[in-house]
Amino acid sequence: DADRVAVLQATGGTTGTLKLAQLTHRGLIANATQISTWMNCRAGQERFLAVLPMFHVFGLTTCLVAPVFNASSMVLMTRFNAPEMLGLVRRERTTVVPVVPAICAALCDELERQEAKEHRKPAPLDSVRLCVSGAAPLPAPAIERFLKATGAPVIEGYGLTEASPVTHVNLLGKPRPGSIGLPVPDTRVRIVDPDGDPNHPRDVAPGEAGEMYVSGPQVMLGYFANPEQTRTALFTDPSGDVWLRTGDVVRMDAEG
């Protein structure tokens with residue numbers, strides 16, 4: 001049954017207490033479909049470098065579920081090491097590389113060290129058509145530095161464990177530094193007054209800051225054996241649609 005729980009994904013979130021998000025088969029496959037569409041994945045042709053830990057929801061979806069969904073080759077690393085990762089990318093000709101900002105910085109450090117040692121710029125990572133960064137903010141200077149050092153584009157995305165996890169990604173070829181990007185397909189967003197009644201949320205005006213709610217097929221069923229936290233995290237509107245209260249304050253510009 002696609003609506004049965006597939007994974008109990010551990011998360012601390014902002015509360016500091018361990019919770020288990022109930023992610024369904026449908027939700028995980030939906031998120032793999034969403035990000036595969038966004039990344040223009042070619043079935044049977046991609047080569048994913050899987051360096052992120054698969055016990056974390058970002059690694060689970062981007063380094064395991066999505067590659068399998070796309071019949072991709074998977075190049076596995078059990079532990080991050082910058083020189084080793086660069087060697088793997090070049091030798092295995094990987095095409096999609098999910099990363100976090102700390103990995104981006106470490107790869108840049110290593111390439112700059114190699115350049116200083118050999119007095120010439122290392123060859124670009126020309127097989128990589130896309131790096132997707134999540135789990136922490138990616139500052140604009142880091143994006144520019146990564147492209148300069150590797151020759152590969154990196155785009156920032158946003159998600160949370162309770163959404164399997166990806167809800168937003170920047171556009172490939174038209175990133176907006178400092179932004180989490182646009183909602184992925186079939187994902188709706190509301191930005192509501194954070195000081196209003198949580199059971200009757202009021203949407204704020206465009207450009208105004210508010211708490212982000214998201215709704216889509218990737219949203220969890222709730223927290224395992226924790227109805228109180230589930231009621232805090234999930235809101236059902238009068239139409240019967242379930243919304244996840246992200247707890248994050250955002251603003252939306254004219255382009256969404």
# chains A, B, ... in the order shown; residues from 1 in each chain; ligands from 1

$ residues_around --residues "A:Ala82" --least-positions-apart "4" --cutoff "8 Å" --atoms "only C-alpha atoms" --output "list in words"
Leu86, Ile103, Ala106, Leu107 and Glu110 of chain A

$ residues_around --residues "A:Glu112" --least-positions-apart "6" --cutoff "9 Å" --atoms "only C-alpha atoms" --output "short mmCIF file (atom, residue, chain, number, x, y, z; two decimals) with N, CA and C atoms, in the first residue's frame"
data_model
loop_
_atom_site.label_atom_id
_atom_site.label_comp_id
_atom_site.auth_asym_id
_atom_site.auth_seq_id
_atom_site.Cartn_x
_atom_site.Cartn_y
_atom_site.Cartn_z
N LYS A 121 46.08 25.39 -12.65
CA LYS A 121 44.70 25.13 -12.20
C LYS A 121 44.33 23.69 -12.52
N PRO A 122 43.79 22.94 -11.54
CA PRO A 122 43.36 21.56 -11.82
C PRO A 122 42.28 21.53 -12.90
N ALA A 149 36.19 27.04 -8.89
CA ALA A 149 37.16 25.99 -8.57
C ALA A 149 36.91 24.70 -9.33
#

$ atom_distance --atom1 "atom CA of A:Asp253" --atom2 "atom CA of A:Gly216"
21.1 Å

$ residues_around --residues "A:Gln22" --least-positions-apart "2" --cutoff "7 Å" --atoms "only C-alpha atoms" --output "JSON, numbers by chain"
{"A": [5, 7, 8, 9, 20, 24, 220, 221, 222, 223, 224]}

$ residues_around --residues "A:Asp203" --least-positions-apart "5" --cutoff "8 Å" --atoms "only C-alpha atoms" --output "compact mmCIF listing (two decimals) with C-alpha atoms, in the first residue's frame"
# COMPACT_ATOMS: atom_id res chain seq x y z
CA ARG A 190 1.42 29.45 2.19
CA ILE A 191 3.15 32.21 4.13
CA VAL A 192 1.11 33.00 7.22
CA ASP A 193 1.14 35.46 10.08

$ closest_residue --among "A:Ala233, A:Val68, A:Ala105, A:Leu23" --to "A:Asp3" --atoms "only C-alpha atoms"
A:Leu23

$ atom_distance --atom1 "atom CA of A:Pro153" --atom2 "atom CA of A:Val128"
8.2 Å

$ select_by_dssp --residues "stretch 180-229 of chain A" --states "strand (DSSP E)" --output "list in words"
Leu182, Pro183, Arg188, Val189, Arg190, Ile191, Val192, Gly210, Glu211, Met212, Tyr213, Val214 and Ser215 of chain A

$ write_last_selection --atoms "C-alpha atoms" --output "mmCIF file, in the first residue's frame"
data_model
loop_
_atom_site.group_PDB
_atom_site.id
_atom_site.type_symbol
_atom_site.label_atom_id
_atom_site.label_comp_id
_atom_site.auth_asym_id
_atom_site.auth_seq_id
_atom_site.Cartn_x
_atom_site.Cartn_y
_atom_site.Cartn_z
ATOM 1 C CA LEU A 182 10.848 27.718 -6.100
ATOM 2 C CA PRO A 183 8.548 24.956 -4.824
ATOM 3 C CA ARG A 188 2.011 24.365 -2.538
ATOM 4 C CA VAL A 189 3.176 27.097 -0.195
ATOM 5 C CA ARG A 190 1.423 29.446 2.193
ATOM 6 C CA ILE A 191 3.148 32.211 4.130
ATOM 7 C CA VAL A 192 1.109 32.995 7.216
ATOM 8 C CA GLY A 210 5.755 34.991 7.693
ATOM 9 C CA GLU A 211 5.901 31.332 8.642
ATOM 10 C CA MET A 212 6.012 28.966 5.679
ATOM 11 C CA TYR A 213 3.458 26.167 5.422
ATOM 12 C CA VAL A 214 3.899 23.516 2.718
ATOM 13 C CA SER A 215 1.493 20.954 1.309
#

$ atom_distance --atom1 "atom CA of A:Gly44" --atom2 "atom CA of A:Val89"
18.1 Å

$ residues_around --residues "A:Cys41" --least-positions-apart "2" --cutoff "10 Å" --atoms "only C-alpha atoms" --output "compact mmCIF listing (two decimals) with all heavy atoms, in the first residue's frame"
# COMPACT_ATOMS: atom_id res chain seq x y z
N THR A 33 10.51 11.62 -7.57
CA THR A 33 9.98 12.08 -8.86
C THR A 33 10.13 13.59 -9.01
O THR A 33 10.54 14.10 -10.06
CB THR A 33 8.50 11.70 -8.99
OG1 THR A 33 8.34 10.31 -8.74
CG2 THR A 33 7.96 12.02 -10.37
N ILE A 35 12.27 15.74 -7.51
CA ILE A 35 13.63 16.25 -7.70
C ILE A 35 14.25 15.73 -8.99
O ILE A 35 15.06 16.41 -9.61
CB ILE A 35 14.53 15.96 -6.48
CG1 ILE A 35 14.73 14.46 -6.27
CG2 ILE A 35 13.99 16.63 -5.23
CD1 ILE A 35 15.76 14.14 -5.18
N SER A 36 13.83 14.54 -9.43
CA SER A 36 14.34 14.01 -10.70
C SER A 36 13.86 14.87 -11.87
O SER A 36 14.61 15.15 -12.81
CB SER A 36 13.89 12.56 -10.90
OG SER A 36 14.40 11.74 -9.87
N THR A 37 12.59 15.29 -11.79
CA THR A 37 12.04 16.19 -12.80
C THR A 37 12.80 17.52 -12.79
O THR A 37 13.19 18.04 -13.83
CB THR A 37 10.55 16.45 -12.52
OG1 THR A 37 9.85 15.20 -12.54
CG2 THR A 37 9.95 17.38 -13.56
N TRP A 38 13.02 18.05 -11.59
CA TRP A 38 13.70 19.34 -11.43
C TRP A 38 15.12 19.28 -11.97
O TRP A 38 15.62 20.23 -12.57
CB TRP A 38 13.71 19.72 -9.96
CG TRP A 38 13.78 21.20 -9.71
CD1 TRP A 38 14.90 21.92 -9.42
CD2 TRP A 38 12.71 22.13 -9.75
NE1 TRP A 38 14.59 23.25 -9.25
CE2 TRP A 38 13.24 23.41 -9.45
CE3 TRP A 38 11.35 22.02 -10.00
CZ2 TRP A 38 12.46 24.55 -9.39
CZ3 TRP A 38 10.58 23.17 -9.93
CH2 TRP A 38 11.13 24.41 -9.64
N MET A 39 15.80 18.13 -11.76
CA MET A 39 17.21 17.99 -12.16
C MET A 39 17.36 17.48 -13.60
O MET A 39 18.47 17.22 -14.04
CB MET A 39 17.94 17.05 -11.20
CG MET A 39 18.00 17.55 -9.77
SD MET A 39 19.08 16.57 -8.68
CE MET A 39 18.33 14.95 -8.75
N ALA A 43 16.76 8.80 -17.40
CA ALA A 43 16.65 7.44 -16.87
C ALA A 43 17.74 6.54 -17.45
O ALA A 43 17.94 6.48 -18.66
CB ALA A 43 15.28 6.86 -17.18
N GLY A 44 18.46 5.87 -16.57
CA GLY A 44 19.48 4.92 -16.99
C GLY A 44 20.79 5.53 -17.41
O GLY A 44 21.71 4.81 -17.81
N GLN A 45 20.90 6.87 -17.36
CA GLN A 45 22.11 7.51 -17.87
C GLN A 45 22.91 8.28 -16.83
O GLN A 45 24.07 8.61 -17.06
CB GLN A 45 21.75 8.46 -19.02
CG GLN A 45 21.11 7.78 -20.21
CD GLN A 45 20.84 8.75 -21.34
OE1 GLN A 45 21.74 9.47 -21.78
NE2 GLN A 45 19.60 8.81 -21.79
N GLU A 46 22.29 8.59 -15.69
CA GLU A 46 23.00 9.39 -14.69
C GLU A 46 23.95 8.53 -13.86
O GLU A 46 23.77 7.33 -13.71
CB GLU A 46 22.01 10.10 -13.76
CG GLU A 46 21.00 10.99 -14.44
CD GLU A 46 21.62 12.18 -15.17
OE1 GLU A 46 22.82 12.45 -14.98
OE2 GLU A 46 20.88 12.82 -15.94
N ARG A 47 24.96 9.20 -13.32
CA ARG A 47 25.90 8.57 -12.39
C ARG A 47 25.95 9.45 -11.14
O ARG A 47 26.52 10.54 -11.17
CB ARG A 47 27.28 8.41 -13.03
CG ARG A 47 27.26 7.54 -14.29
CD ARG A 47 28.62 7.42 -14.94
NE ARG A 47 29.59 6.72 -14.11
CZ ARG A 47 29.67 5.39 -13.96
NH1 ARG A 47 28.79 4.62 -14.61
NH2 ARG A 47 30.56 4.83 -13.20
N ALA A 66 16.31 8.39 -5.14
CA ALA A 66 16.30 9.00 -6.47
C ALA A 66 17.19 8.27 -7.47
O ALA A 66 16.78 8.03 -8.61
CB ALA A 66 16.69 10.48 -6.38
N PRO A 67 18.43 7.89 -7.10
CA PRO A 67 19.24 7.13 -8.07
C PRO A 67 18.59 5.80 -8.47
O PRO A 67 18.61 5.43 -9.65
CB PRO A 67 20.56 6.90 -7.32
CG PRO A 67 20.64 8.02 -6.34
CD PRO A 67 19.22 8.29 -5.93
N ASN A 70 15.77 6.36 -10.85
CA ASN A 70 16.21 6.72 -12.19
C ASN A 70 17.07 5.65 -12.86
O ASN A 70 17.64 5.90 -13.93
CB ASN A 70 17.02 8.03 -12.13
CG ASN A 70 16.13 9.23 -11.90
OD1 ASN A 70 15.39 9.63 -12.78
ND2 ASN A 70 16.19 9.80 -10.71
N SER A 72 19.96 4.71 -12.07
CA SER A 72 21.26 5.35 -12.23
C SER A 72 22.37 4.47 -11.66
O SER A 72 22.15 3.64 -10.79
CB SER A 72 21.28 6.69 -11.47
OG SER A 72 20.26 7.53 -11.91
N THR A 95 27.79 12.38 -12.77
CA THR A 95 27.05 13.48 -13.39
C THR A 95 26.24 14.31 -12.40
O THR A 95 26.02 15.49 -12.62
CB THR A 95 26.09 12.94 -14.47
OG1 THR A 95 25.14 12.04 -13.85
CG2 THR A 95 26.85 12.20 -15.57
N VAL A 96 25.75 13.67 -11.32
CA VAL A 96 24.95 14.37 -10.31
C VAL A 96 25.59 14.15 -8.95
O VAL A 96 25.86 13.01 -8.56
CB VAL A 96 23.48 13.88 -10.29
CG1 VAL A 96 22.68 14.61 -9.22
CG2 VAL A 96 22.84 14.06 -11.66

$ residues_around --residues "A:Leu234" --least-positions-apart "6" --cutoff "7 Å" --atoms "only C-alpha atoms" --output "JSON, numbers by chain"
{"A": [242, 243, 244, 245]}

$ residues_around --residues "A:Val154" --least-positions-apart "2" --cutoff "7 Å" --atoms "only C-alpha atoms" --output "list of chain:residue names"
A:Leu130, A:Cys131, A:Val132, A:Ser133, A:Ile143, A:Ala152, A:Glu156

$ closest_residue --among "A:Glu228, A:Glu208, A:Asp109, A:Asp237" --to "A:Met252" --atoms "only C-alpha atoms"
A:Glu208

$ closest_residue --among "A:Gly207, A:Asp197, A:Gln218, A:Thr230" --to "A:Glu255" --atoms "only C-alpha atoms"
A:Gly207

$ select_by_dssp --residues "stretch 43-87 of chain A" --states "alpha helix (DSSP H)" --output "list in words"
Val57, Phe58, Gly59, Leu60, Ala66, Pro67, Val68, Phe69, Ala82, Pro83, Glu84, Met85, Leu86 and Gly87 of chain A

$ write_last_selection --atoms "all heavy atoms" --output "CSV table (one decimal), in the first residue's frame"
chain,number,residue,atom,x,y,z
A,57,VAL,N,17.9,12.2,6.1
A,57,VAL,CA,16.8,12.2,5.1
A,57,VAL,C,17.3,12.8,3.7
A,57,VAL,O,16.8,12.3,2.7
A,57,VAL,CB,15.6,12.9,5.6
A,57,VAL,CG1,15.8,14.4,5.7
A,57,VAL,CG2,14.3,12.6,4.8
A,58,PHE,N,18.2,13.7,3.7
A,58,PHE,CA,18.7,14.3,2.5
A,58,PHE,C,19.5,13.3,1.7
A,58,PHE,O,19.3,13.1,0.5
A,58,PHE,CB,19.6,15.6,2.8
A,58,PHE,CG,20.0,16.3,1.6
A,58,PHE,CD1,19.2,16.5,0.5
A,58,PHE,CD2,21.3,16.9,1.6
A,58,PHE,CE1,19.6,17.2,-0.6
A,58,PHE,CE2,21.7,17.6,0.5
A,58,PHE,CZ,20.9,17.8,-0.6
A,59,GLY,N,20.3,12.5,2.4
A,59,GLY,CA,21.1,11.5,1.7
A,59,GLY,C,20.2,10.3,1.3
A,59,GLY,O,20.4,9.7,0.2
A,60,LEU,N,19.2,10.0,2.1
A,60,LEU,CA,18.2,8.9,1.8
A,60,LEU,C,17.6,9.2,0.5
A,60,LEU,O,17.5,8.3,-0.4
A,60,LEU,CB,17.2,8.8,2.9
A,60,LEU,CG,16.0,7.9,2.6
A,60,LEU,CD1,16.5,6.4,2.7
A,60,LEU,CD2,14.9,8.1,3.6
A,66,ALA,N,16.3,8.4,-5.1
A,66,ALA,CA,16.3,9.0,-6.5
A,66,ALA,C,17.2,8.3,-7.5
A,66,ALA,O,16.8,8.0,-8.6
A,66,ALA,CB,16.7,10.5,-6.4
A,67,PRO,N,18.4,7.9,-7.1
A,67,PRO,CA,19.2,7.1,-8.1
A,67,PRO,C,18.6,5.8,-8.5
A,67,PRO,O,18.6,5.4,-9.7
A,67,PRO,CB,20.6,6.9,-7.3
A,67,PRO,CG,20.6,8.0,-6.3
A,67,PRO,CD,19.2,8.3,-5.9
A,68,VAL,N,18.0,5.1,-7.5
A,68,VAL,CA,17.4,3.8,-7.8
A,68,VAL,C,16.2,4.1,-8.7
A,68,VAL,O,15.9,3.4,-9.7
A,68,VAL,CB,17.0,3.0,-6.6
A,68,VAL,CG1,16.1,1.8,-6.9
A,68,VAL,CG2,18.2,2.6,-5.8
A,69,PHE,N,15.4,5.1,-8.4
A,69,PHE,CA,14.2,5.5,-9.2
A,69,PHE,C,14.6,5.8,-10.6
A,69,PHE,O,13.8,5.5,-11.6
A,69,PHE,CB,13.6,6.7,-8.5
A,69,PHE,CG,12.4,7.3,-9.3
A,69,PHE,CD1,11.2,6.7,-9.3
A,69,PHE,CD2,12.6,8.4,-10.1
A,69,PHE,CE1,10.1,7.2,-10.0
A,69,PHE,CE2,11.5,9.0,-10.8
A,69,PHE,CZ,10.3,8.4,-10.7
A,82,ALA,N,38.0,14.8,0.8
A,82,ALA,CA,38.0,15.7,-0.4
A,82,ALA,C,38.9,15.1,-1.5
A,82,ALA,O,38.4,15.0,-2.6
A,82,ALA,CB,38.5,17.1,0.0
A,83,PRO,N,40.2,14.8,-1.3
A,83,PRO,CA,41.0,14.3,-2.4
A,83,PRO,C,40.4,13.0,-3.0
A,83,PRO,O,40.4,12.8,-4.2
A,83,PRO,CB,42.4,14.0,-1.8
A,83,PRO,CG,42.4,14.8,-0.6
A,83,PRO,CD,41.0,14.9,-0.1
A,84,GLU,N,39.9,12.1,-2.1
A,84,GLU,CA,39.3,10.9,-2.6
A,84,GLU,C,38.0,11.1,-3.4
A,84,GLU,O,37.8,10.5,-4.5
A,84,GLU,CB,38.9,10.0,-1.4
A,84,GLU,CG,38.4,8.6,-1.8
A,84,GLU,CD,38.0,7.8,-0.6
A,84,GLU,OE1,38.4,8.1,0.5
A,84,GLU,OE2,37.2,6.9,-0.8
A,85,MET,N,37.2,12.1,-3.0
A,85,MET,CA,36.0,12.4,-3.7
A,85,MET,C,36.3,13.0,-5.1
A,85,MET,O,35.7,12.6,-6.1
A,85,MET,CB,35.1,13.4,-2.9
A,85,MET,CG,33.8,13.7,-3.5
A,85,MET,SD,32.7,14.6,-2.4
A,85,MET,CE,31.5,15.2,-3.5
A,86,LEU,N,37.3,13.9,-5.1
A,86,LEU,CA,37.6,14.5,-6.4
A,86,LEU,C,38.1,13.4,-7.4
A,86,LEU,O,37.8,13.4,-8.6
A,86,LEU,CB,38.7,15.6,-6.2
A,86,LEU,CG,38.2,16.8,-5.5
A,86,LEU,CD1,39.4,17.7,-5.1
A,86,LEU,CD2,37.3,17.6,-6.4
A,87,GLY,N,38.9,12.5,-6.8
A,87,GLY,CA,39.4,11.4,-7.7
A,87,GLY,C,38.3,10.5,-8.2
A,87,GLY,O,38.3,10.1,-9.4

$ closest_atom_pairs --of "stretch 14-107 of chain A" --to "stretch 136-142 of chain A" --cutoff "9 Å" --atoms "only C-alpha atoms" --output "Markdown table"
| residue | atom | partner | partner_atom | distance |
| --- | --- | --- | --- | --- |
| A:Val100 | CA | A:Ala136 | CA | 6.9 |
| A:Pro101 | CA | A:Leu138 | CA | 5.8 |
| A:Ala102 | CA | A:Ala136 | CA | 8.8 |
| A:Cys104 | CA | A:Ala142 | CA | 7.7 |
| A:Ala105 | CA | A:Ala142 | CA | 7.2 |

$ closest_residue --among "A:Asp1, A:Asp126, A:Asp186, A:Glu115" --to "A:His25" --atoms "only C-alpha atoms"
A:Asp1

$ closest_residue --among "A:Glu162, A:Asp241, A:Asp195, A:Asp248" --to "A:Gly12" --atoms "only C-alpha atoms"
A:Glu162
